[in-house]
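Shown here: upload28.cif, mmCIF, C-alpha atoms and all ligand atoms.
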data_entry
loop_
_atom_site.label_atom_id
_atom_site.label_comp_id
_atom_site.auth_asym_id
_atom_site.auth_seq_id
_atom_site.Cartn_x
_atom_site.Cartn_y
_atom_site.Cartn_z
CA MET A 1 125.37 81.34 132.98
CA THR A 2 125.22 78.79 130.19
CA ARG A 3 123.44 79.48 126.92
CA HIS A 4 121.07 76.79 125.68
CA PHE A 5 118.93 77.72 122.70
CA LEU A 6 116.45 75.83 120.54
CA ILE A 7 115.72 76.22 116.87
CA PHE A 8 112.29 74.95 116.09
CA GLY A 9 110.30 74.46 112.89
CA PRO A 10 108.62 71.97 110.56
CA PRO A 11 110.60 69.68 108.24
CA ALA A 12 112.32 71.77 105.53
CA ALA A 13 111.72 75.05 107.36
CA GLY A 14 115.46 75.68 107.04
CA LYS A 15 116.41 74.83 110.62
CA GLY A 16 119.69 73.15 109.70
CA THR A 17 120.83 76.00 107.45
CA GLN A 18 119.85 78.72 109.89
CA ALA A 19 121.30 76.79 112.83
CA GLY A 20 124.70 76.91 111.09
CA ALA A 21 124.68 80.72 111.15
CA LEU A 22 122.95 81.07 114.51
CA LYS A 23 125.40 78.83 116.38
CA ASP A 24 128.26 81.10 115.24
CA HIS A 25 126.31 84.17 116.28
CA LEU A 26 125.60 82.66 119.71
CA GLY A 27 129.04 81.03 120.06
CA VAL A 28 127.71 77.59 120.99
CA PRO A 29 127.89 74.19 119.22
CA HIS A 30 125.06 73.01 116.97
CA VAL A 31 123.44 69.80 118.24
CA SER A 32 121.07 68.28 115.67
CA THR A 33 119.32 65.05 116.67
CA GLY A 34 118.43 64.36 113.01
CA ASP A 35 122.13 64.63 112.05
CA MET A 36 123.07 62.41 115.00
CA PHE A 37 120.58 59.73 113.99
CA ARG A 38 121.74 59.91 110.35
CA ALA A 39 125.36 59.51 111.51
CA HIS A 40 124.30 56.35 113.36
CA LEU A 41 122.59 55.10 110.19
CA SER A 42 125.58 55.68 107.95
CA GLY A 43 127.94 54.29 110.59
CA ASP A 44 125.69 51.24 110.90
CA THR A 45 125.90 51.39 114.72
CA GLU A 46 123.62 49.44 117.09
CA LEU A 47 121.49 52.57 117.52
CA GLY A 48 121.48 53.04 113.75
CA LYS A 49 119.96 49.58 113.31
CA VAL A 50 117.29 50.35 115.92
CA VAL A 51 116.20 53.66 114.35
CA LYS A 52 116.55 52.86 110.64
CA ASP A 53 112.93 51.90 109.94
CA ILE A 54 111.57 54.59 112.24
CA LEU A 55 113.40 57.33 110.34
CA ALA A 56 112.38 55.90 106.98
CA SER A 57 108.71 55.98 108.02
CA GLY A 58 108.77 59.63 109.14
CA GLN A 59 107.82 58.81 112.73
CA LEU A 60 109.60 59.85 115.90
CA VAL A 61 112.26 57.75 117.58
CA PRO A 62 111.07 56.75 121.11
CA ASP A 63 111.69 59.44 123.72
CA THR A 64 113.84 57.32 126.02
CA ILE A 65 116.30 56.59 123.19
CA THR A 66 116.37 60.19 121.99
CA ASN A 67 116.66 61.74 125.47
CA GLN A 68 119.52 59.39 126.33
CA MET A 69 121.39 60.34 123.15
CA VAL A 70 120.91 64.06 123.94
CA ALA A 71 121.99 63.60 127.57
CA GLU A 72 125.22 61.97 126.40
CA ARG A 73 125.84 64.73 123.88
CA LEU A 74 125.21 67.49 126.42
CA ALA A 75 127.65 65.82 128.82
CA GLU A 76 130.52 66.33 126.37
CA ALA A 77 133.05 69.06 127.10
CA ASP A 78 132.26 71.32 124.14
CA THR A 79 128.64 71.86 125.25
CA ALA A 80 129.56 72.82 128.84
CA GLU A 81 128.76 76.48 128.11
CA GLY A 82 125.63 75.75 126.09
CA ALA A 83 124.31 74.49 122.78
CA LEU A 84 121.93 75.24 119.96
CA LEU A 85 119.55 72.28 119.87
CA ASP A 86 117.97 71.54 116.49
CA GLY A 87 115.29 68.84 116.15
CA PHE A 88 115.01 68.46 119.91
CA PRO A 89 112.66 68.58 121.73
CA ARG A 90 110.11 67.23 119.28
CA ASN A 91 107.24 66.67 121.67
CA VAL A 92 106.12 67.96 125.06
CA ILE A 93 107.51 64.92 126.90
CA GLN A 94 110.98 65.70 125.52
CA ALA A 95 110.52 69.40 126.32
CA ALA A 96 109.67 68.59 129.95
CA TRP A 97 112.59 66.15 130.11
CA LEU A 98 114.94 68.86 128.81
CA ASP A 99 113.72 71.34 131.42
CA GLY A 100 114.45 68.74 134.11
CA TYR A 101 117.85 67.95 132.65
CA LEU A 102 118.87 71.62 132.51
CA ALA A 103 117.49 72.31 136.00
CA GLY A 104 119.58 69.38 137.25
CA HIS A 105 122.58 71.17 135.80
CA ARG A 106 121.53 74.48 137.40
CA THR A 107 120.62 76.12 134.15
CA LYS A 108 117.66 76.71 131.86
CA LEU A 109 116.83 77.61 128.27
CA SER A 110 117.93 81.06 127.13
CA GLY A 111 115.78 81.31 123.98
CA VAL A 112 113.61 79.48 121.48
CA VAL A 113 113.62 80.41 117.79
CA VAL A 114 110.58 79.23 115.81
CA LEU A 115 110.68 79.28 112.00
CA ARG A 116 107.25 79.72 110.46
CA VAL A 117 106.75 78.36 106.91
CA PRO A 118 103.39 77.53 105.24
CA ASP A 119 102.66 73.87 104.39
CA GLU A 120 102.58 74.39 100.62
CA GLU A 121 106.07 75.89 100.67
CA LEU A 122 107.31 73.01 102.88
CA ARG A 123 106.03 70.37 100.48
CA SER A 124 107.72 71.93 97.48
CA ARG A 125 110.99 72.40 99.40
CA LEU A 126 110.94 68.75 100.52
CA VAL A 127 110.54 67.51 96.96
CA GLY A 128 113.50 69.67 95.92
CA ARG A 129 115.62 68.40 98.81
CA ALA A 130 114.86 64.75 98.00
CA GLU A 131 116.15 65.31 94.46
CA LYS A 132 119.24 67.21 95.59
CA GLU A 133 120.39 65.30 98.67
CA ASN A 134 118.99 61.86 97.98
CA ARG A 135 117.40 61.69 101.43
CA SER A 136 115.02 58.74 101.33
CA ASP A 137 112.74 60.20 104.03
CA ASP A 138 112.10 63.19 101.73
CA ALA A 139 111.34 61.25 98.57
CA ASP A 140 107.97 59.67 99.36
CA PRO A 141 105.07 62.16 99.48
CA ALA A 142 103.26 60.03 102.08
CA VAL A 143 106.32 60.10 104.36
CA VAL A 144 106.70 63.85 103.81
CA GLN A 145 103.06 64.40 104.77
CA ARG A 146 103.52 62.15 107.82
CA ARG A 147 106.47 64.25 108.97
CA ILE A 148 104.52 67.49 108.52
CA ASP A 149 101.57 65.96 110.43
CA THR A 150 103.87 64.64 113.17
CA TYR A 151 105.27 68.14 113.55
CA LYS A 152 101.80 69.68 113.89
CA GLU A 153 100.47 67.05 116.26
CA GLN A 154 103.49 66.47 118.46
CA SER A 155 106.10 69.19 117.98
CA GLU A 156 104.07 72.36 117.61
CA PRO A 157 102.50 71.92 121.10
CA CYS A 158 106.02 72.54 122.48
CA ILE A 159 105.68 76.18 121.42
CA ALA A 160 102.48 76.56 123.44
CA TYR A 161 104.24 74.74 126.29
CA TYR A 162 107.06 77.31 126.35
CA LYS A 163 104.67 80.23 126.01
CA ALA A 164 102.46 78.96 128.84
CA GLN A 165 105.50 78.35 131.02
CA GLY A 166 106.62 81.94 130.42
CA MET A 167 110.25 81.26 131.39
CA VAL A 168 111.93 81.63 128.02
CA ASP A 169 111.73 84.13 125.14
CA VAL A 170 110.01 82.57 122.12
CA HIS A 171 111.18 84.28 118.91
CA GLU A 172 108.77 83.55 116.08
CA VAL A 173 110.37 84.34 112.72
CA ASP A 174 108.99 84.27 109.18
CA GLY A 175 110.99 81.51 107.43
CA VAL A 176 110.01 82.48 103.87
CA GLY A 177 112.63 84.47 101.96
CA SER A 178 116.29 84.17 101.05
CA ILE A 179 118.68 82.47 103.48
CA GLU A 180 120.22 85.89 104.24
CA GLU A 181 116.85 87.52 104.84
CA VAL A 182 115.76 84.83 107.29
CA GLU A 183 119.17 84.94 109.00
CA ALA A 184 118.85 88.71 109.48
CA ARG A 185 115.34 88.31 110.93
CA ILE A 186 116.57 85.71 113.41
CA ARG A 187 119.47 87.89 114.52
CA ALA A 188 117.23 90.92 114.91
CA SER A 189 114.83 88.89 117.03
CA VAL A 190 117.40 87.12 119.20
CA GLY A 191 119.65 90.15 119.58
CA GLY A 192 123.34 90.21 120.42
P1 LIG A 201 113.87 67.63 109.56
O1 LIG A 201 114.87 68.69 109.82
O2 LIG A 201 113.69 67.31 108.14
O3 LIG A 201 112.59 67.85 110.29
P2 LIG A 201 115.53 65.94 111.20
O4 LIG A 201 116.78 65.86 110.42
O5 LIG A 201 115.49 66.86 112.36
O6 LIG A 201 114.36 66.27 110.19
O7 LIG A 201 115.10 64.47 111.74
C1 LIG A 201 114.98 63.37 110.88
C2 LIG A 201 114.29 62.23 111.61
O8 LIG A 201 115.03 61.86 112.79
C3 LIG A 201 112.89 62.53 112.13
O9 LIG A 201 111.90 62.38 111.12
C4 LIG A 201 112.75 61.51 113.27
O10 LIG A 201 112.45 60.22 112.79
C5 LIG A 201 114.15 61.47 113.86
N1 LIG A 201 114.31 62.43 114.97
C6 LIG A 201 115.08 63.55 114.97
N2 LIG A 201 114.98 64.20 116.15
C7 LIG A 201 114.12 63.50 116.91
C8 LIG A 201 113.58 63.66 118.22
N3 LIG A 201 113.89 64.72 118.98
N4 LIG A 201 112.72 62.72 118.68
C9 LIG A 201 112.39 61.68 117.95
N5 LIG A 201 112.83 61.46 116.70
C10 LIG A 201 113.68 62.36 116.18
#
What is this file in C-alpha cells?
Amino acid sequence: MTRHFLIFGPPAAGKGTQAGALKDHLGVPHVSTGDMFRAHLSGDTELGKVVKDILASGQLVPDTITNQMVAERLAEADTAEGALLDGFPRNVIQAAWLDGYLAGHRTKLSGVVVLRVPDEELRSRLVGRAEKENRSDDADPAVVQRRIDTYKEQSEPCIAYYKAQGMVDVHEVDGVGSIEEVEARIRASVGG
C-alpha cells in the first residue's frame, strides 16, 4: 500500500517547515507545488514564463497546468511508494482530480494534516518572511491578503470535501507555537 499524505494550511502556516520533518517521519518525499513553480521561475523555463505573473499576483495557477505538473512528478521513481504533497490540492477541482489520479494508480490518500493559524498571526508572519527571504509575493500587503482570501475561498473547501467524503483521516492541528511544539502535535495526531 502506498502512502500519500497532504499537508494543508494557509500561506505562512508553516507547511513547508513542518513538511520537512513530517516527510522524514513518514518516509516519503516532499512534493511542494510552490517550490516547483519557484524552481521554474528561477530556471526561467517555459512554464516559469507562463506562471510568473500569476504567482506575483497571489492567484492560483490554472488547474490543468498544475495537475499536469503534479502528474509528472508523481510518475517519477522516488514517489512510487508515496509522497507528502504540500500546496496541492488548492481547490476542490484539484482535490477531485487527485482522487481520480490515485484511484487510477490503485491507491488513495492515507492522511490529511491541516495546520490552523489565525489570520492576524499569518499576516505578521508573512511580513517577517518577506523581509527575511525576499519573496516578492510576500512583500505587498494586498497580495498577502489576496493569498489569504484565495485560501479561504478556494482551498479551505477541500477540508470539507475530505470530511464529507469520509475516506481519509483529517488531522487538524494547532499551528501556533514553536516549530518543535507544532511538530510534536502533528506526530501525535498522525501516529507512527
Ligand atoms: P504558501 O506556502 O505561501 O501558501 P506556496 O509556496 O505553496 O505558497 O505557493 C506559491 C504560489 O504558487 C501560490 O500563491 C500560487 O500562485 C502557486 N501555486 C502553488 N500551488 C498551487 C496549486 N496547487 N494550484 C495553483 N497554484 C498553485
Given a cut-off of 10 Å, what residues near ligand LIG 201 (chain A) show up using all atoms listed in the file, put as a PyMOL selection string? chain A and resi 8-17+32-38+51-67+69-70+85-91+93-95+126+129+135+137-138+143-144+146-148+150-151+154-155
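If only C-alpha atoms are the atoms counted, then among A:Leu74, A:Leu6, A:Leu47, A:Val113 the closest residue to Gly191 (chain A) is A:Val113.
Minimum distance to Val168 (chain A) across A:Lys132, A:Lys49, A:Lys108, A:Arg185 (counting all atoms listed in the file) occurs at A:Lys108.
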Between CA of Arg3 (chain A) and CA of Val92 (chain A), what is the distance in Å, rounded to a tenth? 20.9 Å
Using only C-alpha atoms, which residues sit within 10 Å of Ile179 (chain A) once same-chain residues fewer than 2 positions away are excluded, as a ChimeraX atom specification? /A:14,17-18,21,175-177,181-184
Nearest to Glu76 (chain A): which of A:Met167, A:Ala188, A:Cys158, A:Val31 is it, counting only C-alpha atoms? A:Val31
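Put simply, CA of Ala77 (chain A) is 21.4 Å away from CA of Ile7 (chain A).
Of note, CA of Asp119 (chain A) and CA of Asp149 (chain A) are spaced 10.0 Å apart.
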